[in-house]
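> First, the structure itself, so that you have it in front of you.
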There are 2 protein chains.
Amino acid sequence: MKIYEQRSAPNPRRVRIFLAEKGLLDQVTFVQLDMDKGELETEAFARKNAWQRVPVLELDDGTCLAETVAICRYLEELHPEPSLFGRSALERAQVEMWNRRVELGFFFQISQAFRHTHPAMAPLETPQVPAWGEANKARALQSLARLNDALAERRFIAADVFTVADITAMCAVNFMRPVRLKRPEGLEHLERWYSEVTERPSATA
Amino acid sequence: MKIYEQRSAPNPRRVRIFLAEKGLLDQVTFVQLDMDKGELETEAFARKNAWQRVPVLELDDGTCLAETVAICRYLEELHPEPSLFGRSALERAQVEMWNRRVELGFFFQISQAFRHTHPAMAPLETPQVPAWGEANKARALQSLARLNDALAERRFIAADVFTVADITAMCAVNFMRPVRLKRPEGLEHLERWYSEVTERPSATA
């Protein structure tokens, strides 16, 4: 298996952490692409992913899969243990619910704040809309408070075990740094969870 | 089973179409909530979904599931036939990939254009950022061209059979109307697909 990625970007990191949790990192060859050098815009890459985003998983027969969660879900089917998408129909639905809440309601806000306020993103995000970037900062902090409430109820975001929703949330929290957003004081359950997930060996993958 | 929804909103429609395709519509009691009247802001509803969005599926034991795709995925587990999420590991990954491309790269753009340019959304979307709404219209049309390319290759969006990705795409195309976006001429594969999916009995669910 081959993965096309840009190592510094948060979505490829989600896949690397997922692979590390499954013990699969050494089964994958990583190919680095640099979006600042236009390496996602080539025709060769468009044949692998017409939507021109990383990460892309290329199987040995040349089939390419794009979209972070689609790649993770495929890896879960091939290597079900340890389960990162839930262990029963209801838990799988709850993991999906929480992964989407975190992704669409938190990760996305941070990413929009980054893309619409960071000067390095101006050539890629046309038009850059700074007012939209700023609006997302307040929303991201509101979501963080909601995650703190959830983490008052259980050890991890979606369940009593570590799941893909924790990976999405941890990558989003780390993505706050380039946006210069700080975690507000007083979110004690979030801080307890953050210490635990960042100490896992997978966190540095 | 009970579903809390607002009938006119596009995400509840995705779940109704999914239920209709599964032949399950008559097993669900629908409860209407009106977001313009603040009915998603009540404490009673926040106990069902802390993120205060519809649809919400309430099981007979009171467990509540939010997020459109989490609800559909749970229904797929309980009622696997006809399969709407794929019939093999690879097809399930491809359906996930396409459903996400359609949702994050098309449905979302239409929804942002609506929320940030429509006067009715001003009280809910604070601040409304009209420049962001407008920027999304061009992106939505670019995605529509990419869907047309995909539909040149196969009968439906993700596979040779109808899947959840077709439901997401059809609801997004219909959501173009309140945004006053028209389908550009010349997307013949998209038009062929759109005629076929809107003629299915589920389309009016």
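Ligands are numbered from 1 in the order shown, residues from 1 within each chain, and chains are lettered A, B, ... in the order they appear in the structure tokens.
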Output as a tab-separated table one row per residue of chain A within 9 Å of chain B: the closest atom pair and its distance in Å to one decimal place, counting only C-alpha atoms, sorted by chain and residue number ascending.


```
residue	atom	partner	partner_atom	distance
A:Ala50	CA	B:Arg146	CA	7.8
A:Trp51	CA	B:Arg146	CA	8.0
A:Leu65	CA	B:Gln94	CA	6.9
A:Ala66	CA	B:Met97	CA	6.2
A:Glu67	CA	B:Met97	CA	5.6
A:Thr68	CA	B:Met97	CA	8.4
A:Val69	CA	B:Glu96	CA	7.7
A:Ala70	CA	B:Ala93	CA	5.0
A:Ile71	CA	B:Ala93	CA	6.9
A:Cys72	CA	B:Ala93	CA	8.7
A:Arg73	CA	B:Ala93	CA	6.5
A:Tyr74	CA	B:Ala93	CA	5.5
A:Glu77	CA	B:Ala89	CA	6.2
A:Leu78	CA	B:Ala89	CA	7.8
A:Ala89	CA	B:Glu77	CA	6.2
A:Leu90	CA	B:Tyr74	CA	6.8
A:Arg92	CA	B:Tyr74	CA	7.7
A:Ala93	CA	B:Ala70	CA	5.0
A:Gln94	CA	B:Leu65	CA	6.9
A:Val95	CA	B:Ala70	CA	8.2
A:Glu96	CA	B:Ala70	CA	5.3
A:Met97	CA	B:Ala70	CA	5.2
A:Trp98	CA	B:Glu67	CA	8.6
A:Arg100	CA	B:Glu67	CA	7.2
A:Arg101	CA	B:Glu67	CA	7.6
A:Leu104	CA	B:Leu104	CA	9.0
A:Gly105	CA	B:Trp51	CA	8.9
A:Thr126	CA	B:Ala135	CA	8.2
A:Pro127	CA	B:Ala135	CA	6.9
A:Gln128	CA	B:Trp132	CA	8.6
A:Val129	CA	B:Trp132	CA	6.3
A:Ala131	CA	B:Val129	CA	6.9
A:Trp132	CA	B:Val129	CA	6.2
A:Ala135	CA	B:Pro127	CA	6.9
A:Ser143	CA	B:Trp51	CA	8.8
A:Arg146	CA	B:Ala50	CA	7.8
```

> Give me, as a list in words, the residues of range 54-155 of chain B that a backbone DSSP run labels strand (DSSP E).

Val56, Leu57, Glu58, Cys64, Leu65 and Ala66 of chain B

> For those residues, write N, CA and C atoms to a file as a PDB file, in the first residue's frame.


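In the end it all went to result.pdb:
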```pdb
ATOM      1  N   VAL B  56     -32.890  13.930  14.542  1.00  0.00           N
ATOM      2  CA  VAL B  56     -32.456  13.076  15.657  1.00  0.00           C
ATOM      3  C   VAL B  56     -33.335  11.825  15.640  1.00  0.00           C
ATOM      4  N   LEU B  57     -32.688  10.667  15.721  1.00  0.00           N
ATOM      5  CA  LEU B  57     -33.423   9.395  15.816  1.00  0.00           C
ATOM      6  C   LEU B  57     -33.496   9.003  17.292  1.00  0.00           C
ATOM      7  N   GLU B  58     -34.722   8.797  17.797  1.00  0.00           N
ATOM      8  CA  GLU B  58     -34.877   8.335  19.180  1.00  0.00           C
ATOM      9  C   GLU B  58     -35.333   6.881  19.159  1.00  0.00           C
ATOM     10  N   CYS B  64     -30.763   8.456  21.947  1.00  0.00           N
ATOM     11  CA  CYS B  64     -30.889   9.359  20.800  1.00  0.00           C
ATOM     12  C   CYS B  64     -29.622   9.371  19.966  1.00  0.00           C
ATOM     13  N   LEU B  65     -29.797   9.334  18.658  1.00  0.00           N
ATOM     14  CA  LEU B  65     -28.676   9.413  17.707  1.00  0.00           C
ATOM     15  C   LEU B  65     -28.878  10.639  16.832  1.00  0.00           C
ATOM     16  N   ALA B  66     -27.845  11.470  16.755  1.00  0.00           N
ATOM     17  CA  ALA B  66     -27.888  12.636  15.872  1.00  0.00           C
ATOM     18  C   ALA B  66     -26.951  12.402  14.700  1.00  0.00           C
TER      19      ALA B  66
END
```

> If I take CA of Asp26 in chain B and CA of Phe108 in chain B, how far is one from the other in Å, to one decimal?

29.5 Å

> For Phe114 in chain A, which residue among A:Ile3, A:Met176, A:Ala158, A:Ala169 is the nearest when counting only C-alpha atoms?

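Looking only at the distances to Phe114 in chain A, the closest residue turns out to be A:Met176.
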
> Just checking: using only C-alpha atoms, which residue out of B:Arg183, B:His118, B:Arg177, B:Arg192 ends up closest to Gln142 in chain B?

B:Arg183

> Write down as a PyMOL selection string the residues of range 54-165 of chain B whose backbone DSSP state falls under helix (DSSP H, G or I).

chain B and resi 68-78+89-117+119-121+130-153+164-165

> Could you tell me how far CA of Ala205 in chain B lies from CA of Arg13 in chain B, in Å and to one decimal?

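So the two atoms, CA of Ala205 in chain B and CA of Arg13 in chain B, lie 7.3 Å apart.
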
> Would you kindly return, as a PyMOL selection string, each protein, DNA or RNA residue with an atom no farther than 9 Å from any atom of Phe175 in chain A, considering only C-alpha atoms and excluding same-chain residues fewer than 4 positions away?

chain A and resi 10+107+110-111+114+170-171+179+181

> Mind writing the picked residues with C-alpha atoms as a PDB file, in the first residue's frame?


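Dumped to part_8.pdb:
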```
ATOM      1  CA  PRO A  10      -3.688  17.524   9.596  1.00  0.00           C
ATOM      2  CA  PHE A 107     -11.987  20.404  13.047  1.00  0.00           C
ATOM      3  CA  ILE A 110     -10.235  25.429  12.897  1.00  0.00           C
ATOM      4  CA  SER A 111      -9.410  24.581   9.313  1.00  0.00           C
ATOM      5  CA  PHE A 114      -6.593  28.766   9.183  1.00  0.00           C
ATOM      6  CA  MET A 170      -6.692  15.480  18.897  1.00  0.00           C
ATOM      7  CA  CYS A 171      -5.582  16.538  15.401  1.00  0.00           C
ATOM      8  CA  VAL A 179      -4.493  29.544  14.078  1.00  0.00           C
ATOM      9  CA  LEU A 181      -6.234  29.797  19.263  1.00  0.00           C
TER      10      LEU A 181
END
```

> Between CA of Gln52 in chain A and CA of Asp36 in chain A, what is the distance, to one decimal in Å?

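Result for CA of Gln52 in chain A versus CA of Asp36 in chain A: 13.1 Å, one decimal.
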
> Please provide the set of residues having any atom within 10 Å of Ser8 in chain A, restricted to only C-alpha atoms, with same-chain residues fewer than 4 positions apart removed, written as a PyMOL selection string.

chain A and resi 12-13+32+34

> I'd like to know which of A:Thr168, A:Glu43, A:Gln27, A:Arg87 is closest to Asn11 in chain A, using only C-alpha atoms.

A:Thr168
